[in-house]
Protein chains: 2
Amino acid sequence: MEKFEVHILGCGSALPTTRHFSTTQVVHLREKLFMIDCGEGAQIQLRKTHLKFSRLNHIFISHLHGDHCFGLPGLISTFGLLKRTADLHIHSPQGLEELMTPWLNYFCRMMSYRVIFHVFDTHAPSVIYEDRSLTVTTVPLRHRIPCCGFLITEKPRPRHIIREMTDFYKVPVYDMNRIKNGEDFITSDGLVVPNHRLTRPAEPARSYAYCSDTIYDENLVPAIRGVDLLFHEATFSAADQIRARETFHTTAEQAGQIAALAGVKRLMIGHFSARYEDEHLLLREAQRVFPETILAKEMLCVDI
Amino acid sequence: MEKFEVHILGCGSALPTTRHFSTTQVVHLREKLFMIDCGEGAQIQLRKTHLKFSRLNHIFISHLHGDHCFGLPGLISTFGLLKRTADLHIHSPQGLEELMTPWLNYFCRMMSYRVIFHVFDTHAPSVIYEDRSLTVTTVPLRHRIPCCGFLITEKPRPRHIIREMTDFYKVPVYDMNRIKNGEDFITSDGLVVPNHRLTRPAEPARSYAYCSDTIYDENLVPAIRGVDLLFHEATFSAADQIRARETFHTTAEQAGQIAALAGVKRLMIGHFSARYEDEHLLLREAQRVFPETILAKEMLCVDI
């Protein structure tokens, strides 16, 4: 099966601790890398993963709070020092380009590559990236400022050829792609061989949803229904639910409720407030509602 | 003896590695903290030292290359989240305020404290900070852009009272400070007791010089003569001397030569290029010229 991994580079919230970097992730899908949020130290953490910097061409920024984008100047500079030539695309809510441009003009003169900013609307879901393998769709969230999560969905994959059957019916090589895509085969005698005799179904297309930062909001459930992995922020414990609501964040228990309502396969919680020395408190809280929960952790790599 | 420590938060150069953060230091002198340069991740590293954030009121930025100042937005934001109230002073060459202000207006709205920018001239040495305990003087360096190092010098300290003698001559308490500052004592009988009979000399005032980034430049020798500790950049090895000159950096051997010429007590080298897996190569090179050399290293604390 082709690679679909989520690498956690950071899973803390705004205040840094000795345990956590700011929330930053890299999705590794079929040899391409996609960064989600870019907190301070993102490039340092990315280096530790030994993923290839050159495979990263798209960065998705959920919202313009510093802990989700202060890693950009360093990452962009480093790409320049590494003599990158490919365009780098940064997708975010309105405002980032205006903030970044003076810095790039000053600190990153004579760059060997272009940084291209793309703005997405945070009010309605939209497909903001698409290639042969996947689509990235925004998931509007409710936070103190305009904010979106992201849904990364694999495209349907080709069916698996049953070699004995295609040999038996003498399917020519040039027909194979059509067969993999589900078409029936017609022999030289005019016999129709239905596709399901020649192939086995492909693995189902996988999906990953990233929801941070957001208040508890059941409206996002339809957008993330049934995903293989949901990352949902769990900044606070249930005991701090009032604080969570005031700051437009979620408790671990509420993250579990969203996962349960959406019928996702697995939940990963993160964006932990600095106040919790031991996040197993948050884990237990989420697991009471949704047992298939894990804690995000720096350098964790989750296979989807 | 009162505390005078240098904490190394980072000692790499522009390209981050798994071994080094960007060059950032904190000087801890008599319960006050002074940050020198502020690379990405500075606040994360500062947290690890367990030094108190509230004791840091002055940051000195040597020059406006990203690896020396990309840590500022995160640090300033965090101070805001911690409800800091004291002014934060940032001293740098011309240009930083214009770059930082739009970011602070956007990301750090409603801050509980003020950030005050101070510009220093990079052509001639000047005292840019002074309090009861120390002075900070710029040390003009030659780099690709305007750049200064910093000389931190303790002020002369009071002499030590010899208790038996002040008791013998019945020196009243209200005269003690004058005696500590070197004055003679006149008894009620008019007898002049010379100060050296009443006191022992104070420990000599200590000094620390930070020189990064710079090409090999003997002109800086007089400014740093005899310091207790010299931090000098040693980005490259002698084998890469041409590259060092082209990029206005120094080799480890050259750093040793500067230390020897200036007759400093100890040399610490840092700002290592990412190309050297093992910096002991650089250490040996410097030590051949100046044996009292040590390698900077993240979380190293050097007592002056």
# chains A, B, ... in the order shown; residues from 1 in each chain; ligands from 1
>>> residues_around(residues="range 127-140 of chain B", least_positions_apart="2", cutoff="7 Å", atoms="only C-alpha atoms", output="list of chain:residue names")
B:Thr122, B:His123, B:Ala124, B:Pro125, B:Arg142, B:Cys147, B:Cys148, B:Gly149, B:Phe150, B:Leu151, B:Ile152, B:Thr153, B:Glu154, B:Lys155, B:Ala223
>>> residues_around(residues="Phe236 in chain A", least_positions_apart="2", cutoff="10 Å", atoms="only C-alpha atoms", output="PDB file with all heavy atoms, in the first residue's frame")
ATOM      1  N   GLU A 233      -8.099  19.245  17.918  1.00  0.00           N
ATOM      2  CA  GLU A 233      -7.478  19.916  19.055  1.00  0.00           C
ATOM      3  C   GLU A 233      -8.184  19.517  20.343  1.00  0.00           C
ATOM      4  O   GLU A 233      -9.397  19.245  20.360  1.00  0.00           O
ATOM      5  CB  GLU A 233      -7.522  21.428  18.876  1.00  0.00           C
ATOM      6  CG  GLU A 233      -8.889  22.057  19.059  1.00  0.00           C
ATOM      7  CD  GLU A 233      -8.820  23.280  19.966  1.00  0.00           C
ATOM      8  OE1 GLU A 233      -8.690  23.080  21.197  1.00  0.00           O
ATOM      9  OE2 GLU A 233      -8.909  24.414  19.455  1.00  0.00           O
ATOM     10  N   ALA A 234      -7.429  19.460  21.420  1.00  0.00           N
ATOM     11  CA  ALA A 234      -7.961  19.183  22.749  1.00  0.00           C
ATOM     12  C   ALA A 234      -7.110  20.008  23.701  1.00  0.00           C
ATOM     13  O   ALA A 234      -6.348  19.489  24.504  1.00  0.00           O
ATOM     14  CB  ALA A 234      -7.874  17.696  23.067  1.00  0.00           C
ATOM     15  N   ALA A 238     -11.800  18.675  30.578  1.00  0.00           N
ATOM     16  CA  ALA A 238     -13.210  18.970  30.842  1.00  0.00           C
ATOM     17  C   ALA A 238     -13.369  19.927  32.026  1.00  0.00           C
ATOM     18  O   ALA A 238     -14.282  20.756  32.064  1.00  0.00           O
ATOM     19  CB  ALA A 238     -13.981  17.678  31.090  1.00  0.00           C
ATOM     20  N   ALA A 239     -12.450  19.849  32.971  1.00  0.00           N
ATOM     21  CA  ALA A 239     -12.516  20.727  34.142  1.00  0.00           C
ATOM     22  C   ALA A 239     -12.362  22.201  33.740  1.00  0.00           C
ATOM     23  O   ALA A 239     -12.812  23.097  34.458  1.00  0.00           O
ATOM     24  CB  ALA A 239     -11.427  20.343  35.146  1.00  0.00           C
ATOM     25  N   ASP A 240     -11.732  22.454  32.606  1.00  0.00           N
ATOM     26  CA  ASP A 240     -11.516  23.829  32.138  1.00  0.00           C
ATOM     27  C   ASP A 240     -12.429  24.168  30.959  1.00  0.00           C
ATOM     28  O   ASP A 240     -12.076  24.974  30.098  1.00  0.00           O
ATOM     29  CB  ASP A 240     -10.047  24.014  31.729  1.00  0.00           C
ATOM     30  CG  ASP A 240      -9.107  23.905  32.914  1.00  0.00           C
ATOM     31  OD1 ASP A 240      -9.376  24.548  33.942  1.00  0.00           O
ATOM     32  OD2 ASP A 240      -8.121  23.156  32.827  1.00  0.00           O
ATOM     33  N   GLN A 241     -13.625  23.571  30.965  1.00  0.00           N
ATOM     34  CA  GLN A 241     -14.516  23.729  29.819  1.00  0.00           C
ATOM     35  C   GLN A 241     -14.937  25.191  29.593  1.00  0.00           C
ATOM     36  O   GLN A 241     -15.080  25.636  28.455  1.00  0.00           O
ATOM     37  CB  GLN A 241     -15.759  22.843  30.016  1.00  0.00           C
ATOM     38  CG  GLN A 241     -16.617  22.774  28.761  1.00  0.00           C
ATOM     39  CD  GLN A 241     -17.686  21.699  28.865  1.00  0.00           C
ATOM     40  OE1 GLN A 241     -17.514  20.733  29.605  1.00  0.00           O
ATOM     41  NE2 GLN A 241     -18.783  21.860  28.143  1.00  0.00           N
ATOM     42  N   ILE A 242     -15.109  25.924  30.680  1.00  0.00           N
ATOM     43  CA  ILE A 242     -15.512  27.332  30.530  1.00  0.00           C
ATOM     44  C   ILE A 242     -14.402  28.118  29.841  1.00  0.00           C
ATOM     45  O   ILE A 242     -14.649  28.869  28.887  1.00  0.00           O
ATOM     46  CB  ILE A 242     -15.866  27.935  31.914  1.00  0.00           C
ATOM     47  CG1 ILE A 242     -17.148  27.258  32.421  1.00  0.00           C
ATOM     48  CG2 ILE A 242     -16.037  29.449  31.828  1.00  0.00           C
ATOM     49  CD1 ILE A 242     -17.466  27.548  33.870  1.00  0.00           C
ATOM     50  N   ARG A 243     -13.181  27.866  30.296  1.00  0.00           N
ATOM     51  CA  ARG A 243     -12.013  28.507  29.667  1.00  0.00           C
ATOM     52  C   ARG A 243     -11.924  28.116  28.185  1.00  0.00           C
ATOM     53  O   ARG A 243     -11.598  28.945  27.334  1.00  0.00           O
ATOM     54  CB  ARG A 243     -10.759  28.062  30.420  1.00  0.00           C
ATOM     55  CG  ARG A 243      -9.465  28.562  29.851  1.00  0.00           C
ATOM     56  CD  ARG A 243      -8.974  29.821  30.558  1.00  0.00           C
ATOM     57  NE  ARG A 243      -7.751  30.315  29.909  1.00  0.00           N
ATOM     58  CZ  ARG A 243      -7.639  31.503  29.342  1.00  0.00           C
ATOM     59  NH1 ARG A 243      -8.649  32.335  29.348  1.00  0.00           N
ATOM     60  NH2 ARG A 243      -6.520  31.877  28.773  1.00  0.00           N
ATOM     61  N   ALA A 244     -12.219  26.867  27.889  1.00  0.00           N
ATOM     62  CA  ALA A 244     -12.183  26.390  26.505  1.00  0.00           C
ATOM     63  C   ALA A 244     -13.166  27.191  25.658  1.00  0.00           C
ATOM     64  O   ALA A 244     -12.829  27.679  24.578  1.00  0.00           O
ATOM     65  CB  ALA A 244     -12.498  24.895  26.441  1.00  0.00           C
ATOM     66  N   ARG A 245     -14.391  27.337  26.163  1.00  0.00           N
ATOM     67  CA  ARG A 245     -15.407  28.045  25.385  1.00  0.00           C
ATOM     68  C   ARG A 245     -15.024  29.510  25.196  1.00  0.00           C
ATOM     69  O   ARG A 245     -15.146  30.060  24.107  1.00  0.00           O
ATOM     70  CB  ARG A 245     -16.774  27.911  26.059  1.00  0.00           C
ATOM     71  CG  ARG A 245     -17.923  28.343  25.151  1.00  0.00           C
ATOM     72  CD  ARG A 245     -19.276  27.871  25.664  1.00  0.00           C
ATOM     73  NE  ARG A 245     -19.389  28.124  27.084  1.00  0.00           N
ATOM     74  CZ  ARG A 245     -19.899  27.252  27.969  1.00  0.00           C
ATOM     75  NH1 ARG A 245     -20.361  26.084  27.576  1.00  0.00           N
ATOM     76  NH2 ARG A 245     -19.955  27.556  29.253  1.00  0.00           N
ATOM     77  N   HIS A 249     -11.735  27.162  22.163  1.00  0.00           N
ATOM     78  CA  HIS A 249     -10.998  25.900  22.067  1.00  0.00           C
ATOM     79  C   HIS A 249     -11.904  24.753  22.512  1.00  0.00           C
ATOM     80  O   HIS A 249     -13.052  24.968  22.928  1.00  0.00           O
ATOM     81  CB  HIS A 249      -9.723  25.948  22.927  1.00  0.00           C
ATOM     82  CG  HIS A 249      -8.619  26.747  22.292  1.00  0.00           C
ATOM     83  ND1 HIS A 249      -8.056  26.395  21.098  1.00  0.00           N
ATOM     84  CD2 HIS A 249      -7.973  27.871  22.710  1.00  0.00           C
ATOM     85  CE1 HIS A 249      -7.109  27.268  20.776  1.00  0.00           C
ATOM     86  NE2 HIS A 249      -7.045  28.181  21.746  1.00  0.00           N
ATOM     87  N   THR A 250     -11.377  23.544  22.462  1.00  0.00           N
ATOM     88  CA  THR A 250     -12.135  22.332  22.729  1.00  0.00           C
ATOM     89  C   THR A 250     -11.507  21.595  23.898  1.00  0.00           C
ATOM     90  O   THR A 250     -10.302  21.684  24.109  1.00  0.00           O
ATOM     91  CB  THR A 250     -12.107  21.433  21.469  1.00  0.00           C
ATOM     92  OG1 THR A 250     -12.513  22.194  20.349  1.00  0.00           O
ATOM     93  CG2 THR A 250     -13.002  20.232  21.601  1.00  0.00           C
ATOM     94  N   THR A 251     -12.331  20.869  24.639  1.00  0.00           N
ATOM     95  CA  THR A 251     -11.769  19.982  25.666  1.00  0.00           C
ATOM     96  C   THR A 251     -11.542  18.607  25.038  1.00  0.00           C
ATOM     97  O   THR A 251     -12.089  18.280  23.983  1.00  0.00           O
ATOM     98  CB  THR A 251     -12.721  19.824  26.864  1.00  0.00           C
ATOM     99  OG1 THR A 251     -13.876  19.085  26.425  1.00  0.00           O
ATOM    100  CG2 THR A 251     -13.158  21.163  27.431  1.00  0.00           C
ATOM    101  N   ALA A 252     -10.756  17.795  25.731  1.00  0.00           N
ATOM    102  CA  ALA A 252     -10.460  16.447  25.236  1.00  0.00           C
ATOM    103  C   ALA A 252     -11.755  15.629  25.140  1.00  0.00           C
ATOM    104  O   ALA A 252     -11.968  14.878  24.182  1.00  0.00           O
ATOM    105  CB  ALA A 252      -9.463  15.766  26.173  1.00  0.00           C
ATOM    106  N   GLU A 253     -12.620  15.798  26.132  1.00  0.00           N
ATOM    107  CA  GLU A 253     -13.892  15.074  26.117  1.00  0.00           C
ATOM    108  C   GLU A 253     -14.719  15.464  24.881  1.00  0.00           C
ATOM    109  O   GLU A 253     -15.286  14.617  24.197  1.00  0.00           O
ATOM    110  CB  GLU A 253     -14.671  15.424  27.393  1.00  0.00           C
ATOM    111  CG  GLU A 253     -15.943  14.652  27.585  1.00  0.00           C
ATOM    112  CD  GLU A 253     -16.633  15.092  28.884  1.00  0.00           C
ATOM    113  OE1 GLU A 253     -16.843  16.315  29.079  1.00  0.00           O
ATOM    114  OE2 GLU A 253     -16.940  14.212  29.701  1.00  0.00           O
ATOM    115  N   GLN A 254     -14.745  16.745  24.594  1.00  0.00           N
ATOM    116  CA  GLN A 254     -15.493  17.226  23.433  1.00  0.00           C
ATOM    117  C   GLN A 254     -14.888  16.722  22.122  1.00  0.00           C
ATOM    118  O   GLN A 254     -15.623  16.413  21.171  1.00  0.00           O
ATOM    119  CB  GLN A 254     -15.528  18.757  23.430  1.00  0.00           C
ATOM    120  CG  GLN A 254     -16.371  19.337  24.564  1.00  0.00           C
ATOM    121  CD  GLN A 254     -16.221  20.850  24.666  1.00  0.00           C
ATOM    122  OE1 GLN A 254     -15.188  21.423  24.287  1.00  0.00           O
ATOM    123  NE2 GLN A 254     -17.237  21.505  25.204  1.00  0.00           N
ATOM    124  N   GLY A 270      -4.465  16.791  20.204  1.00  0.00           N
ATOM    125  CA  GLY A 270      -3.249  17.599  20.347  1.00  0.00           C
ATOM    126  C   GLY A 270      -3.582  19.046  20.625  1.00  0.00           C
ATOM    127  O   GLY A 270      -4.683  19.361  21.053  1.00  0.00           O
ATOM    128  N   HIS A 271      -2.596  19.925  20.352  1.00  0.00           N
ATOM    129  CA  HIS A 271      -2.700  21.355  20.658  1.00  0.00           C
ATOM    130  C   HIS A 271      -2.945  21.540  22.167  1.00  0.00           C
ATOM    131  O   HIS A 271      -3.826  22.258  22.600  1.00  0.00           O
ATOM    132  CB  HIS A 271      -3.830  22.018  19.845  1.00  0.00           C
ATOM    133  CG  HIS A 271      -3.695  23.518  19.772  1.00  0.00           C
ATOM    134  ND1 HIS A 271      -4.319  24.359  20.665  1.00  0.00           N
ATOM    135  CD2 HIS A 271      -2.998  24.327  18.949  1.00  0.00           C
ATOM    136  CE1 HIS A 271      -4.022  25.619  20.367  1.00  0.00           C
ATOM    137  NE2 HIS A 271      -3.223  25.623  19.333  1.00  0.00           N
ATOM    138  N   PHE A 272      -2.107  20.857  22.915  1.00  0.00           N
ATOM    139  CA  PHE A 272      -2.279  20.813  24.363  1.00  0.00           C
ATOM    140  C   PHE A 272      -1.880  22.120  25.029  1.00  0.00           C
ATOM    141  O   PHE A 272      -0.821  22.671  24.736  1.00  0.00           O
ATOM    142  CB  PHE A 272      -1.404  19.697  24.953  1.00  0.00           C
ATOM    143  CG  PHE A 272      -1.624  18.355  24.310  1.00  0.00           C
ATOM    144  CD1 PHE A 272      -0.576  17.691  23.680  1.00  0.00           C
ATOM    145  CD2 PHE A 272      -2.881  17.749  24.336  1.00  0.00           C
ATOM    146  CE1 PHE A 272      -0.777  16.444  23.100  1.00  0.00           C
ATOM    147  CE2 PHE A 272      -3.079  16.500  23.754  1.00  0.00           C
ATOM    148  CZ  PHE A 272      -2.023  15.856  23.131  1.00  0.00           C
ATOM    149  N   SER A 273      -2.683  22.575  25.942  1.00  0.00           N
ATOM    150  CA  SER A 273      -2.307  23.721  26.763  1.00  0.00           C
ATOM    151  C   SER A 273      -1.091  23.363  27.612  1.00  0.00           C
ATOM    152  O   SER A 273      -0.926  22.221  28.044  1.00  0.00           O
ATOM    153  CB  SER A 273      -3.480  24.086  27.675  1.00  0.00           C
ATOM    154  OG  SER A 273      -3.015  24.907  28.738  1.00  0.00           O
ATOM    155  N   ALA A 274      -0.259  24.396  27.851  1.00  0.00           N
ATOM    156  CA  ALA A 274       0.956  24.183  28.641  1.00  0.00           C
ATOM    157  C   ALA A 274       0.641  23.796  30.085  1.00  0.00           C
ATOM    158  O   ALA A 274       1.511  23.324  30.805  1.00  0.00           O
ATOM    159  CB  ALA A 274       1.801  25.458  28.611  1.00  0.00           C
ATOM    160  N   ARG A 275      -0.624  23.997  30.499  1.00  0.00           N
ATOM    161  CA  ARG A 275      -0.914  23.782  31.928  1.00  0.00           C
ATOM    162  C   ARG A 275      -0.932  22.324  32.348  1.00  0.00           C
ATOM    163  O   ARG A 275      -0.916  22.029  33.545  1.00  0.00           O
ATOM    164  CB  ARG A 275      -2.229  24.464  32.303  1.00  0.00           C
ATOM    165  CG  ARG A 275      -3.477  23.776  31.784  1.00  0.00           C
ATOM    166  CD  ARG A 275      -4.678  24.650  31.997  1.00  0.00           C
ATOM    167  NE  ARG A 275      -4.529  25.896  31.209  1.00  0.00           N
ATOM    168  CZ  ARG A 275      -5.240  26.994  31.392  1.00  0.00           C
ATOM    169  NH1 ARG A 275      -6.161  27.035  32.334  1.00  0.00           N
ATOM    170  NH2 ARG A 275      -5.042  28.051  30.633  1.00  0.00           N
ATOM    171  N   TYR A 276      -1.010  21.400  31.379  1.00  0.00           N
ATOM    172  CA  TYR A 276      -1.098  19.987  31.756  1.00  0.00           C
ATOM    173  C   TYR A 276       0.275  19.333  31.665  1.00  0.00           C
ATOM    174  O   TYR A 276       0.827  19.170  30.578  1.00  0.00           O
ATOM    175  CB  TYR A 276      -2.103  19.254  30.869  1.00  0.00           C
ATOM    176  CG  TYR A 276      -3.446  19.956  30.842  1.00  0.00           C
ATOM    177  CD1 TYR A 276      -3.886  20.616  29.712  1.00  0.00           C
ATOM    178  CD2 TYR A 276      -4.233  20.012  31.990  1.00  0.00           C
ATOM    179  CE1 TYR A 276      -5.095  21.306  29.700  1.00  0.00           C
ATOM    180  CE2 TYR A 276      -5.437  20.710  32.003  1.00  0.00           C
ATOM    181  CZ  TYR A 276      -5.858  21.355  30.846  1.00  0.00           C
ATOM    182  OH  TYR A 276      -7.034  22.046  30.852  1.00  0.00           O
ATOM    183  N   GLU A 279      -0.390  14.660  29.797  1.00  0.00           N
ATOM    184  CA  GLU A 279      -1.568  14.693  28.917  1.00  0.00           C
ATOM    185  C   GLU A 279      -2.392  13.409  28.960  1.00  0.00           C
ATOM    186  O   GLU A 279      -3.408  13.324  28.273  1.00  0.00           O
ATOM    187  CB  GLU A 279      -1.139  14.998  27.486  1.00  0.00           C
ATOM    188  CG  GLU A 279      -0.746  16.446  27.300  1.00  0.00           C
ATOM    189  CD  GLU A 279       0.725  16.626  27.011  1.00  0.00           C
ATOM    190  OE1 GLU A 279       1.370  15.624  26.655  1.00  0.00           O
ATOM    191  OE2 GLU A 279       1.230  17.758  27.146  1.00  0.00           O
ATOM    192  N   LEU A 282      -5.864  14.030  29.601  1.00  0.00           N
ATOM    193  CA  LEU A 282      -6.670  14.381  28.431  1.00  0.00           C
ATOM    194  C   LEU A 282      -7.010  13.127  27.621  1.00  0.00           C
ATOM    195  O   LEU A 282      -8.126  12.977  27.118  1.00  0.00           O
ATOM    196  CB  LEU A 282      -5.924  15.393  27.549  1.00  0.00           C
ATOM    197  CG  LEU A 282      -5.512  16.701  28.252  1.00  0.00           C
ATOM    198  CD1 LEU A 282      -4.637  17.550  27.341  1.00  0.00           C
ATOM    199  CD2 LEU A 282      -6.740  17.482  28.699  1.00  0.00           C
TER     200      LEU A 282
END
>>> interface_residues(of="chain B", to="chain A", cutoff="9 Å", atoms="only C-alpha atoms", output="number ranges by chain")
B: 14-18, 20-21, 40-41, 43-45, 47-48, 64-67, 70-71, 73-74, 77-78, 81-82, 99-100, 102-103, 106-108
>>> write_last_selection(atoms="N, CA and C atoms", output="tab-separated table (two decimals), in the first residue's frame")
chain	number	residue	atom	x	y	z
B	14	ALA	N	23.20	29.60	9.69
B	14	ALA	CA	21.87	29.79	9.09
B	14	ALA	C	21.09	28.49	8.86
B	15	LEU	N	21.76	27.45	8.41
B	15	LEU	CA	21.03	26.21	8.14
B	15	LEU	C	20.86	25.42	9.42
B	16	PRO	N	19.63	25.11	9.79
B	16	PRO	CA	19.46	24.36	11.03
B	16	PRO	C	19.87	22.91	10.81
B	17	THR	N	20.31	22.28	11.86
B	17	THR	CA	20.65	20.86	11.79
B	17	THR	C	19.95	20.18	12.95
B	18	THR	N	20.08	18.88	13.03
B	18	THR	CA	19.49	18.19	14.17
B	18	THR	C	20.33	18.45	15.42
B	20	HIS	N	21.99	21.64	16.09
B	20	HIS	CA	22.11	23.03	16.52
B	20	HIS	C	20.89	23.90	16.20
B	21	PHE	N	20.57	24.75	17.16
B	21	PHE	CA	19.67	25.87	16.93
B	21	PHE	C	20.51	27.04	16.40
B	40	GLU	N	15.47	31.52	15.56
B	40	GLU	CA	14.25	30.72	15.67
B	40	GLU	C	14.42	29.67	16.76
B	41	GLY	N	13.44	29.58	17.62
B	41	GLY	CA	13.49	28.59	18.70
B	41	GLY	C	14.11	29.12	19.97
B	43	GLN	N	12.95	31.05	22.28
B	43	GLN	CA	12.08	30.95	23.45
B	43	GLN	C	11.96	29.49	23.94
B	44	ILE	N	12.03	28.57	23.00
B	44	ILE	CA	11.95	27.15	23.38
B	44	ILE	C	13.20	26.77	24.17
B	45	GLN	N	14.34	27.24	23.71
B	45	GLN	CA	15.59	26.95	24.38
B	45	GLN	C	15.67	27.67	25.73
B	47	ARG	N	13.25	28.37	27.66
B	47	ARG	CA	12.41	27.61	28.58
B	47	ARG	C	13.20	26.45	29.19
B	48	LYS	N	14.01	25.82	28.37
B	48	LYS	CA	14.77	24.66	28.87
B	48	LYS	C	15.80	25.05	29.94
B	64	LEU	N	20.87	42.00	11.07
B	64	LEU	CA	19.54	41.59	10.62
B	64	LEU	C	19.60	40.48	9.57
B	65	HIS	N	20.27	39.39	9.89
B	65	HIS	CA	20.10	38.16	9.13
B	65	HIS	C	19.11	37.30	9.91
B	66	GLY	N	18.28	36.56	9.15
B	66	GLY	CA	17.18	35.84	9.77
B	66	GLY	C	17.60	34.92	10.90
B	67	ASP	N	18.73	34.25	10.75
B	67	ASP	CA	19.11	33.29	11.79
B	67	ASP	C	19.50	33.97	13.09
B	70	PHE	N	14.90	35.64	13.87
B	70	PHE	CA	13.59	35.05	13.60
B	70	PHE	C	12.91	34.51	14.87
B	71	GLY	N	13.61	34.50	15.98
B	71	GLY	CA	12.98	34.07	17.22
B	71	GLY	C	12.20	35.18	17.92
B	73	PRO	N	9.48	37.22	17.03
B	73	PRO	CA	8.01	37.23	17.11
B	73	PRO	C	7.47	36.24	18.15
B	74	GLY	N	8.05	35.06	18.19
B	74	GLY	CA	7.57	34.06	19.16
B	74	GLY	C	7.85	34.46	20.59
B	77	SER	N	5.51	37.36	21.57
B	77	SER	CA	4.14	36.86	21.78
B	77	SER	C	4.02	36.15	23.12
B	78	THR	N	5.01	35.32	23.39
B	78	THR	CA	4.96	34.54	24.63
B	78	THR	C	5.00	35.46	25.84
B	81	LEU	N	1.54	36.57	26.35
B	81	LEU	CA	0.69	35.54	26.95
B	81	LEU	C	0.98	35.37	28.44
B	82	LEU	N	2.23	35.65	28.81
B	82	LEU	CA	2.62	35.52	30.23
B	82	LEU	C	2.26	36.78	31.02
B	99	LEU	N	10.42	46.33	10.35
B	99	LEU	CA	10.03	44.95	10.01
B	99	LEU	C	9.10	44.35	11.06
B	100	MET	N	9.38	44.64	12.31
B	100	MET	CA	8.64	43.99	13.39
B	100	MET	C	7.27	44.62	13.63
B	102	PRO	N	4.65	45.79	11.87
B	102	PRO	CA	3.41	45.21	11.32
B	102	PRO	C	3.08	43.84	11.92
B	103	TRP	N	4.09	43.07	12.21
B	103	TRP	CA	3.85	41.75	12.82
B	103	TRP	C	3.30	41.88	14.23
B	106	TYR	N	-0.24	42.94	14.19
B	106	TYR	CA	-1.16	41.89	13.75
B	106	TYR	C	-1.25	40.76	14.77
B	107	PHE	N	-0.11	40.25	15.17
B	107	PHE	CA	-0.11	39.02	15.98
B	107	PHE	C	-0.15	39.28	17.49
B	108	CYS	N	0.24	40.47	17.89
B	108	CYS	CA	0.36	40.72	19.34
B	108	CYS	C	-0.50	41.91	19.74
>>> select_by_dssp(residues="range 170-256 of chain A", states="helix (DSSP H, G or I)", output="PyMOL selection string")
chain A and resi 173-180+195-198+218-224+238-246+252-256
>>> residues_around(residues="range 188-191 of chain B", least_positions_apart="5", cutoff="12 Å", atoms="only C-alpha atoms", output="NGL selection string")
:B and (169-172)
>>> residues_around(residues="Asp167 in chain A", least_positions_apart="6", cutoff="12 Å", atoms="only C-alpha atoms", output="list in words")
Ile161, Val173, Met176 and Leu198 of chain A
>>> residues_around(residues="Phe168 in chain B", least_positions_apart="3", cutoff="12 Å", atoms="only C-alpha atoms", output="PyMOL selection string")
chain B and resi 162-165+171-172+187+193+197-198
>>> select_by_dssp(residues="range 73-274 of chain B", states="strand (DSSP E or B)", output="JSON, numbers by chain")
{"B": [88, 89, 90, 91, 92, 115, 116, 117, 118, 119, 127, 128, 129, 130, 134, 135, 136, 137, 138, 139, 140, 148, 149, 150, 151, 152, 153, 154, 160, 161, 185, 186, 192, 193, 199, 200, 207, 208, 209, 210, 211, 229, 230, 231, 232, 233, 236, 251, 266, 267, 268, 269, 270, 272]}
>>> residues_around(residues="Ser92 in chain A", least_positions_apart="6", cutoff="6 Å", atoms="only C-alpha atoms", output="compact mmCIF listing (two decimals) with all heavy atoms, in the first residue's frame")
# COMPACT_ATOMS: atom_id res chain seq x y z
N ILE A 61 -1.98 26.75 6.01
CA ILE A 61 -2.01 27.44 7.31
C ILE A 61 -3.47 27.59 7.73
O ILE A 61 -4.26 28.21 7.03
CB ILE A 61 -1.33 28.82 7.21
CG1 ILE A 61 0.12 28.69 6.73
CG2 ILE A 61 -1.42 29.58 8.54
CD1 ILE A 61 1.07 28.02 7.69
N VAL A 119 -5.02 32.47 -1.13
CA VAL A 119 -5.96 32.77 -0.05
C VAL A 119 -7.18 31.87 -0.18
O VAL A 119 -7.69 31.69 -1.29
CB VAL A 119 -6.40 34.25 -0.13
CG1 VAL A 119 -7.54 34.53 0.85
CG2 VAL A 119 -5.21 35.16 0.16
N PHE A 120 -7.62 31.28 0.93
CA PHE A 120 -8.90 30.57 0.86
C PHE A 120 -9.94 31.25 1.75
O PHE A 120 -9.60 31.89 2.75
CB PHE A 120 -8.76 29.08 1.19
CG PHE A 120 -8.11 28.75 2.52
CD1 PHE A 120 -8.80 28.91 3.72
CD2 PHE A 120 -6.81 28.24 2.57
CE1 PHE A 120 -8.21 28.58 4.93
CE2 PHE A 120 -6.21 27.92 3.78
CZ PHE A 120 -6.91 28.09 4.96
>>> atom_distance(atom1="CA of Gln287 in chain B", atom2="CA of Val26 in chain B")
24.8 Å
>>> closest_residue(among="A:Ser207, A:Thr166, A:Thr247, A:Thr199", to="Ile186 in chain A", atoms="only C-alpha atoms")
A:Thr166
>>> residues_around(residues="Lys297 in chain B", least_positions_apart="2", cutoff="7 Å", atoms="only C-alpha atoms", output="count of residues only")
5
